[in-house]
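Trainee: File data_25.pdb follows (PDB, C-alpha atoms, pLDDT in the B column):
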```pdb
MODEL        1
ATOM      1  CA  MET A   1     -24.800  29.507  38.585  1.00 47.00           C
ATOM      2  CA  ARG A   2     -24.193  32.190  35.981  1.00 54.00           C
ATOM      3  CA  GLY A   3     -20.505  32.601  36.857  1.00 54.00           C
ATOM      4  CA  GLU A   4     -19.784  28.859  36.626  1.00 63.00           C
ATOM      5  CA  LYS A   5     -18.340  27.554  33.385  1.00 71.00           C
ATOM      6  CA  ARG A   6     -19.054  24.062  32.297  1.00 82.00           C
ATOM      7  CA  PRO A   7     -15.991  22.018  31.303  1.00 84.00           C
ATOM      8  CA  ILE A   8     -17.077  21.677  27.680  1.00 86.00           C
ATOM      9  CA  HIS A   9     -17.554  25.446  27.397  1.00 87.00           C
ATOM     10  CA  ALA A  10     -14.101  26.065  28.879  1.00 87.00           C
ATOM     11  CA  ILE A  11     -12.488  23.636  26.420  1.00 88.00           C
ATOM     12  CA  THR A  12     -14.365  25.143  23.465  1.00 88.00           C
ATOM     13  CA  THR A  13     -13.314  28.652  24.455  1.00 90.00           C
ATOM     14  CA  TRP A  14      -9.693  27.529  24.868  1.00 91.00           C
ATOM     15  CA  VAL A  15      -9.658  25.868  21.419  1.00 89.00           C
ATOM     16  CA  ARG A  16     -11.144  28.974  19.751  1.00 90.00           C
ATOM     17  CA  ARG A  17      -8.317  31.107  21.159  1.00 92.00           C
ATOM     18  CA  GLN A  18      -5.591  28.888  19.704  1.00 91.00           C
ATOM     19  CA  PRO A  19      -3.707  29.775  16.491  1.00 91.00           C
ATOM     20  CA  PRO A  20      -4.652  27.896  13.283  1.00 88.00           C
ATOM     21  CA  LYS A  21      -1.621  25.587  13.413  1.00 90.00           C
ATOM     22  CA  VAL A  22      -2.516  24.425  16.917  1.00 90.00           C
ATOM     23  CA  LYS A  23      -6.119  23.902  15.836  1.00 88.00           C
ATOM     24  CA  ALA A  24      -4.929  21.827  12.867  1.00 88.00           C
ATOM     25  CA  PHE A  25      -2.683  19.751  15.123  1.00 91.00           C
ATOM     26  CA  LEU A  26      -5.527  19.210  17.597  1.00 90.00           C
ATOM     27  CA  SER A  27      -7.804  18.157  14.721  1.00 89.00           C
ATOM     28  CA  VAL A  28      -5.298  15.594  13.465  1.00 90.00           C
ATOM     29  CA  VAL A  29      -4.710  14.197  16.957  1.00 92.00           C
ATOM     30  CA  SER A  30      -8.470  14.047  17.602  1.00 91.00           C
ATOM     31  CA  GLY A  31      -9.055  12.276  14.291  1.00 87.00           C
ATOM     32  CA  MET A  32      -6.339   9.727  15.020  1.00 90.00           C
ATOM     33  CA  ALA A  33      -7.715   9.156  18.523  1.00 91.00           C
ATOM     34  CA  ALA A  34     -11.181   8.632  17.036  1.00 88.00           C
ATOM     35  CA  LEU A  35      -9.797   6.051  14.588  1.00 84.00           C
ATOM     36  CA  VAL A  36      -8.022   4.180  17.383  1.00 87.00           C
ATOM     37  CA  LEU A  37     -11.198   4.272  19.456  1.00 86.00           C
ATOM     38  CA  LEU A  38     -13.214   2.940  16.508  1.00 80.00           C
ATOM     39  CA  ARG A  39     -10.686   0.148  16.065  1.00 80.00           C
ATOM     40  CA  PHE A  40     -11.355  -1.095  19.584  1.00 83.00           C
ATOM     41  CA  ILE A  41     -15.106  -0.460  19.654  1.00 82.00           C
ATOM     42  CA  VAL A  42     -16.239  -1.696  16.229  1.00 77.00           C
ATOM     43  CA  HIS A  43     -16.123  -5.469  15.910  1.00 79.00           C
ATOM     44  CA  ASP A  44     -18.064  -5.857  12.667  1.00 77.00           C
ATOM     45  CA  HIS A  45     -16.243  -3.736  10.097  1.00 74.00           C
ATOM     46  CA  ASP A  46     -18.973  -4.271   7.488  1.00 77.00           C
ATOM     47  CA  ASN A  47     -21.233  -1.986   9.515  1.00 78.00           C
ATOM     48  CA  LEU A  48     -18.490   0.646   9.558  1.00 79.00           C
ATOM     49  CA  PHE A  49     -18.156   0.424   5.771  1.00 80.00           C
ATOM     50  CA  VAL A  50     -21.916   0.764   5.320  1.00 80.00           C
ATOM     51  CA  ALA A  51     -21.883   3.821   7.629  1.00 81.00           C
ATOM     52  CA  ALA A  52     -19.001   5.336   5.645  1.00 82.00           C
ATOM     53  CA  GLU A  53     -20.873   4.784   2.388  1.00 81.00           C
ATOM     54  CA  ALA A  54     -23.966   6.370   3.930  1.00 81.00           C
ATOM     55  CA  VAL A  55     -21.937   9.454   4.867  1.00 85.00           C
ATOM     56  CA  HIS A  56     -20.447   9.519   1.350  1.00 84.00           C
ATOM     57  CA  SER A  57     -23.958   9.298  -0.107  1.00 82.00           C
ATOM     58  CA  LEU A  58     -25.118  12.128   2.136  1.00 85.00           C
ATOM     59  CA  GLY A  59     -22.188  14.278   1.014  1.00 88.00           C
ATOM     60  CA  ILE A  60     -22.782  13.625  -2.662  1.00 88.00           C
ATOM     61  CA  SER A  61     -26.493  14.323  -2.148  1.00 87.00           C
ATOM     62  CA  VAL A  62     -25.624  17.737  -0.737  1.00 89.00           C
ATOM     63  CA  LEU A  63     -23.346  18.308  -3.739  1.00 90.00           C
ATOM     64  CA  ILE A  64     -26.109  17.315  -6.165  1.00 90.00           C
ATOM     65  CA  TYR A  65     -28.527  19.632  -4.346  1.00 90.00           C
ATOM     66  CA  LYS A  66     -26.011  22.486  -4.700  1.00 88.00           C
ATOM     67  CA  LEU A  67     -25.540  21.803  -8.405  1.00 91.00           C
ATOM     68  CA  ILE A  68     -29.282  21.706  -9.068  1.00 91.00           C
ATOM     69  CA  LYS A  69     -30.286  24.604  -6.821  1.00 92.00           C
ATOM     70  CA  GLU A  70     -27.481  27.073  -7.524  1.00 91.00           C
ATOM     71  CA  LYS A  71     -26.840  25.976 -11.116  1.00 91.00           C
ATOM     72  CA  THR A  72     -23.106  26.492 -10.686  1.00 90.00           C
ATOM     73  CA  CYS A  73     -20.097  24.271 -10.164  1.00 90.00           C
ATOM     74  CA  ALA A  74     -17.666  27.065  -9.301  1.00 89.00           C
ATOM     75  CA  GLY A  75     -14.991  25.849  -6.893  1.00 88.00           C
ATOM     76  CA  LEU A  76     -15.568  22.180  -7.693  1.00 90.00           C
ATOM     77  CA  SER A  77     -12.785  20.064  -9.208  1.00 91.00           C
ATOM     78  CA  LEU A  78     -13.860  17.939 -12.151  1.00 92.00           C
ATOM     79  CA  LYS A  79     -10.584  16.043 -11.944  1.00 92.00           C
ATOM     80  CA  SER A  80     -11.226  15.112  -8.328  1.00 92.00           C
ATOM     81  CA  GLN A  81     -14.637  13.792  -9.351  1.00 92.00           C
ATOM     82  CA  GLU A  82     -13.015  11.814 -12.176  1.00 91.00           C
ATOM     83  CA  LEU A  83     -10.496  10.260  -9.778  1.00 90.00           C
ATOM     84  CA  THR A  84     -13.379   9.385  -7.455  1.00 90.00           C
ATOM     85  CA  ALA A  85     -15.195   7.752 -10.383  1.00 92.00           C
ATOM     86  CA  MET A  86     -12.022   5.814 -11.236  1.00 87.00           C
ATOM     87  CA  PHE A  87     -11.601   4.309  -7.792  1.00 86.00           C
ATOM     88  CA  LEU A  88     -15.338   3.626  -7.541  1.00 88.00           C
ATOM     89  CA  ALA A  89     -15.222   1.794 -10.903  1.00 89.00           C
ATOM     90  CA  VAL A  90     -12.316  -0.343  -9.673  1.00 83.00           C
ATOM     91  CA  ARG A  91     -14.092  -0.969  -6.358  1.00 84.00           C
ATOM     92  CA  LEU A  92     -17.274  -1.902  -8.218  1.00 87.00           C
ATOM     93  CA  TYR A  93     -15.370  -4.363 -10.423  1.00 84.00           C
ATOM     94  CA  CYS A  94     -13.673  -5.952  -7.398  1.00 80.00           C
ATOM     95  CA  SER A  95     -16.991  -6.076  -5.566  1.00 81.00           C
ATOM     96  CA  PHE A  96     -18.658  -7.884  -8.497  1.00 82.00           C
ATOM     97  CA  VAL A  97     -15.803 -10.373  -8.820  1.00 80.00           C
ATOM     98  CA  MET A  98     -15.050 -11.034  -5.154  1.00 76.00           C
ATOM     99  CA  GLU A  99     -18.150 -10.444  -3.036  1.00 74.00           C
ATOM    100  CA  TYR A 100     -21.375  -9.289  -4.673  1.00 75.00           C
ATOM    101  CA  ASP A 101     -23.237  -8.165  -1.565  1.00 78.00           C
ATOM    102  CA  ILE A 102     -24.618  -4.931  -0.067  1.00 79.00           C
ATOM    103  CA  HIS A 103     -21.286  -3.228  -0.795  1.00 79.00           C
ATOM    104  CA  THR A 104     -21.823  -3.764  -4.518  1.00 85.00           C
ATOM    105  CA  ILE A 105     -25.194  -2.007  -4.393  1.00 86.00           C
ATOM    106  CA  LEU A 106     -23.785   0.890  -2.351  1.00 85.00           C
ATOM    107  CA  ASP A 107     -20.800   1.232  -4.687  1.00 85.00           C
ATOM    108  CA  LEU A 108     -23.067   1.165  -7.734  1.00 89.00           C
ATOM    109  CA  ALA A 109     -25.258   3.929  -6.302  1.00 88.00           C
ATOM    110  CA  THR A 110     -22.248   6.060  -5.372  1.00 89.00           C
ATOM    111  CA  PHE A 111     -20.655   5.476  -8.787  1.00 92.00           C
ATOM    112  CA  ALA A 112     -23.878   6.450 -10.586  1.00 93.00           C
ATOM    113  CA  THR A 113     -24.250   9.681  -8.618  1.00 92.00           C
ATOM    114  CA  THR A 114     -20.579  10.559  -9.134  1.00 93.00           C
ATOM    115  CA  MET A 115     -20.980  10.015 -12.875  1.00 95.00           C
ATOM    116  CA  TRP A 116     -24.042  12.272 -12.781  1.00 94.00           C
ATOM    117  CA  VAL A 117     -21.979  15.005 -11.083  1.00 94.00           C
ATOM    118  CA  ILE A 118     -19.301  14.628 -13.786  1.00 95.00           C
ATOM    119  CA  TYR A 119     -21.990  14.870 -16.486  1.00 95.00           C
ATOM    120  CA  MET A 120     -23.403  18.027 -14.891  1.00 93.00           C
ATOM    121  CA  ILE A 121     -19.983  19.686 -14.684  1.00 93.00           C
ATOM    122  CA  ARG A 122     -18.940  18.730 -18.232  1.00 93.00           C
ATOM    123  CA  PHE A 123     -22.154  19.488 -20.085  1.00 93.00           C
ATOM    124  CA  LYS A 124     -24.865  21.314 -18.138  1.00 91.00           C
ATOM    125  CA  LEU A 125     -22.766  23.674 -15.976  1.00 91.00           C
ATOM    126  CA  LYS A 126     -19.729  24.029 -18.241  1.00 89.00           C
ATOM    127  CA  SER A 127     -19.926  27.830 -18.239  1.00 91.00           C
ATOM    128  CA  SER A 128     -19.355  28.025 -14.466  1.00 91.00           C
ATOM    129  CA  TYR A 129     -16.580  25.404 -14.379  1.00 90.00           C
ATOM    130  CA  MET A 130     -13.232  27.022 -13.571  1.00 89.00           C
ATOM    131  CA  GLU A 131     -10.990  24.933 -15.831  1.00 89.00           C
ATOM    132  CA  GLU A 132      -7.986  27.229 -15.434  1.00 90.00           C
ATOM    133  CA  LYS A 133      -8.063  26.703 -11.652  1.00 90.00           C
ATOM    134  CA  ASP A 134      -8.497  22.928 -11.984  1.00 90.00           C
ATOM    135  CA  ASN A 135      -5.011  22.407 -13.412  1.00 89.00           C
ATOM    136  CA  PHE A 136      -3.894  19.277 -11.534  1.00 87.00           C
ATOM    137  CA  ALA A 137      -2.792  16.555 -13.971  1.00 87.00           C
ATOM    138  CA  ILE A 138      -4.597  13.305 -13.147  1.00 85.00           C
ATOM    139  CA  TYR A 139      -1.742  11.171 -14.436  1.00 85.00           C
ATOM    140  CA  TYR A 140       0.462  12.585 -11.653  1.00 84.00           C
ATOM    141  CA  VAL A 141      -1.779  10.671  -9.287  1.00 83.00           C
ATOM    142  CA  ALA A 142      -3.123   7.707 -11.283  1.00 81.00           C
ATOM    143  CA  ILE A 143       0.173   6.391 -12.714  1.00 86.00           C
ATOM    144  CA  PRO A 144       2.119   6.407  -9.414  1.00 84.00           C
ATOM    145  CA  CYS A 145      -0.851   4.694  -7.712  1.00 80.00           C
ATOM    146  CA  ALA A 146      -0.834   1.935 -10.323  1.00 79.00           C
ATOM    147  CA  VAL A 147       2.950   1.485 -10.132  1.00 83.00           C
ATOM    148  CA  LEU A 148       2.876   1.422  -6.332  1.00 80.00           C
ATOM    149  CA  ALA A 149       0.101  -1.168  -6.309  1.00 75.00           C
ATOM    150  CA  VAL A 150       1.891  -3.444  -8.805  1.00 75.00           C
ATOM    151  CA  VAL A 151       5.190  -3.142  -6.907  1.00 78.00           C
ATOM    152  CA  TYR A 152       3.456  -3.868  -3.613  1.00 72.00           C
ATOM    153  CA  SER A 153       1.627  -6.913  -4.976  1.00 68.00           C
ATOM    154  CA  SER A 154       4.817  -8.273  -6.566  1.00 66.00           C
ATOM    155  CA  ILE A 155       6.628  -7.940  -3.221  1.00 64.00           C
ATOM    156  CA  ASN A 156       3.811  -9.929  -1.586  1.00 59.00           C
ATOM    157  CA  PHE A 157       3.868 -12.496  -4.409  1.00 56.00           C
ATOM    158  CA  SER A 158       0.274 -11.813  -5.381  1.00 52.00           C
ATOM    159  CA  SER A 159      -0.860 -13.520  -8.554  1.00 55.00           C
ATOM    160  CA  PHE A 160      -4.412 -12.187  -8.631  1.00 64.00           C
ATOM    161  CA  ILE A 161      -5.145  -9.138 -10.759  1.00 69.00           C
ATOM    162  CA  GLU A 162      -7.978  -8.241  -8.375  1.00 68.00           C
ATOM    163  CA  GLN A 163      -5.445  -7.736  -5.593  1.00 67.00           C
ATOM    164  CA  ASP A 164      -3.518  -5.353  -7.858  1.00 69.00           C
ATOM    165  CA  PHE A 165      -6.767  -3.509  -8.494  1.00 72.00           C
ATOM    166  CA  LEU A 166      -7.503  -3.384  -4.772  1.00 72.00           C
ATOM    167  CA  GLY A 167      -4.068  -1.882  -4.199  1.00 72.00           C
ATOM    168  CA  ILE A 168      -4.699   0.779  -6.841  1.00 74.00           C
ATOM    169  CA  LEU A 169      -8.115   1.394  -5.333  1.00 76.00           C
ATOM    170  CA  CYS A 170      -6.844   1.990  -1.812  1.00 77.00           C
ATOM    171  CA  ILE A 171      -4.093   4.358  -2.882  1.00 79.00           C
ATOM    172  CA  LEU A 172      -6.267   6.211  -5.411  1.00 81.00           C
ATOM    173  CA  GLU A 173      -9.049   6.651  -2.887  1.00 81.00           C
ATOM    174  CA  ALA A 174      -6.580   8.195  -0.451  1.00 82.00           C
ATOM    175  CA  VAL A 175      -5.279  10.788  -2.922  1.00 85.00           C
ATOM    176  CA  SER A 176      -8.410  11.568  -4.947  1.00 85.00           C
ATOM    177  CA  VAL A 177      -8.966  14.782  -3.001  1.00 86.00           C
ATOM    178  CA  LEU A 178      -5.675  16.334  -4.204  1.00 87.00           C
ATOM    179  CA  PRO A 179      -7.144  18.065  -7.295  1.00 89.00           C
ATOM    180  CA  GLN A 180      -9.896  19.606  -5.139  1.00 88.00           C
ATOM    181  CA  LEU A 181      -7.269  20.918  -2.737  1.00 86.00           C
ATOM    182  CA  ARG A 182      -5.393  22.389  -5.714  1.00 88.00           C
ATOM    183  CA  VAL A 183      -8.543  24.200  -6.889  1.00 89.00           C
ATOM    184  CA  MET A 184      -9.037  25.605  -3.396  1.00 87.00           C
ATOM    185  CA  GLN A 185      -5.403  26.712  -3.323  1.00 87.00           C
ATOM    186  CA  ASN A 186      -5.690  28.379  -6.755  1.00 86.00           C
ATOM    187  CA  THR A 187      -8.833  30.326  -5.832  1.00 84.00           C
ATOM    188  CA  LYS A 188      -7.244  32.034  -2.821  1.00 74.00           C
TER     189      LYS A 188
ENDMDL
END
```
Starting from the file, give its structure as structure tokens.
Mentor:
Amino acid sequence: MRGEKRPIHAITTWVRRQPPKVKAFLSVVSGMAALVLLRFIVHDHDNLFVAAEAVHSLGISVLIYKLIKEKTCAGLSLKSQELTAMFLAVRLYCSFVMEYDIHTILDLATFATTMWVIYMIRFKLKSSYMEEKDNFAIYYVAIPCAVLAVVYSSINFSSFIEQDFLGILCILEAVSVLPQLRVMQNTK
């Protein structure tokens, strides 16, 4: 029994031996396969959204714990948090206008905690904030997102401003991590 390898152990060992580029490729392929699988398994997408918000809340809770416990925000991008607050504000507005349901409450809670993180970085932990490393200009992301959303909605003959906002929201949410990646790149 000792000499036998279980299939999962063999796969794990094989993946560990691969170079970083192969690991990255395998991660992307696995993530895409998981998304396709979710598409066919999940029939009520509201539950998926609630689960995603729960994971987001868990992540921001860990971040808040780190800020309180370690009393430092070193390595954290304020601009990424501001972009997150922007898309959450737009999502909250759209949620109030269009739906007003559980999503509104979840968005409000996430927006409030994100604003608290921004407050902590700007005022309470300002001495540990690495402003010189967080040098990504927000307007490089926000303005193209707005233009893209307006162009897209005009192509689809949308006359509702909320649909323009939803377009901005989707694009901004997708690229809000860019300043954090820039901070990580600058600290290497």
Trainee: List the neighbours of Leu181 of chain A out to 12 Å using only C-alpha atoms; skip same-chain residues closer than 2 positions along the sequence, and give me the result as a count of residues only.
Mentor: 21
Trainee: Ranking A:Phe49, A:Phe87, A:Trp116, A:Tyr100 by minimum distance to Leu63 of chain A and counting only C-alpha atoms, which one comes first?
Mentor: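 Looking at the shortest contact to Leu63 of chain A, the residue is A:Trp116.
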Trainee: Select from segment 24-138 of chain A every residue with an atom at most 10 Å from any atom of segment 4-20 of chain A, then for each give the shortest pair of atoms and their distance in Å to one decimal, using only C-alpha atoms, rows by chain and rising number, as CSV.
Mentor:
```
residue,atom,partner,partner_atom,distance
A:Ala24,CA,A:Pro20,CA,6.1
A:Phe25,CA,A:Pro20,CA,8.6
A:Leu26,CA,A:Val15,CA,8.7
```
Trainee: Restricting the output to C-alpha atoms, write the selected residues as a short mmCIF file (atom, residue, chain, number, x, y, z; two decimals), in the frame of the given file.
Mentor:
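Full text of selection-v7.cif as output:
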```cif
data_model
loop_
_atom_site.label_atom_id
_atom_site.label_comp_id
_atom_site.auth_asym_id
_atom_site.auth_seq_id
_atom_site.Cartn_x
_atom_site.Cartn_y
_atom_site.Cartn_z
CA ALA A 24 -4.93 21.83 12.87
CA PHE A 25 -2.68 19.75 15.12
CA LEU A 26 -5.53 19.21 17.60
#
```
Trainee: By how many Å are atom CA of Asp46 of chain A and atom CA of Tyr152 of chain A apart?
Mentor: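 Atom-to-atom, atom CA of Asp46 of chain A and atom CA of Tyr152 of chain A are spaced 25.0 Å apart.
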Trainee: Separation of atom CA of Met115 of chain A and atom CA of Ile102 of chain A, in Å?
Mentor: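 According to the coordinates, atom CA of Met115 of chain A and atom CA of Ile102 of chain A are separated by 20.0 Å.
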Trainee: Quick one: axis-aligned box around all listed atoms of segment 131-138 of chain A, 6 Å on every side, centre and edge lengths in Å to one decimal, written as AutoDock Vina command-line options.
Mentor:
```
--center_x -6.9 --center_y 20.3 --center_z -13.7 --size_x 20.2 --size_y 25.9 --size_z 16.3
```
Trainee: Could you tell me, as JSON, numbers by chain, which residues have any atom at most 12 Å from (-5.7, 6.0, -8.0), counting only C-alpha atoms?
Mentor: {"A": [79, 80, 81, 82, 83, 84, 85, 86, 87, 88, 89, 90, 91, 138, 139, 140, 141, 142, 143, 144, 145, 146, 147, 148, 149, 164, 165, 166, 167, 168, 169, 170, 171, 172, 173, 174, 175, 176, 177, 178]}
Trainee: Could you tell me which of A:Ile118, A:Asn47, A:Arg39, A:Val22 comes closest to Ile60 of chain A if we count only C-alpha atoms?
Mentor: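 Under the stated criterion, the closest residue is A:Ile118.
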Trainee: May I ask which of the residues A:Ala109, A:Cys73, A:Leu35, A:Asp101 is the closest one to Ile121 of chain A, counting all atoms listed in the file?
Mentor: A:Cys73
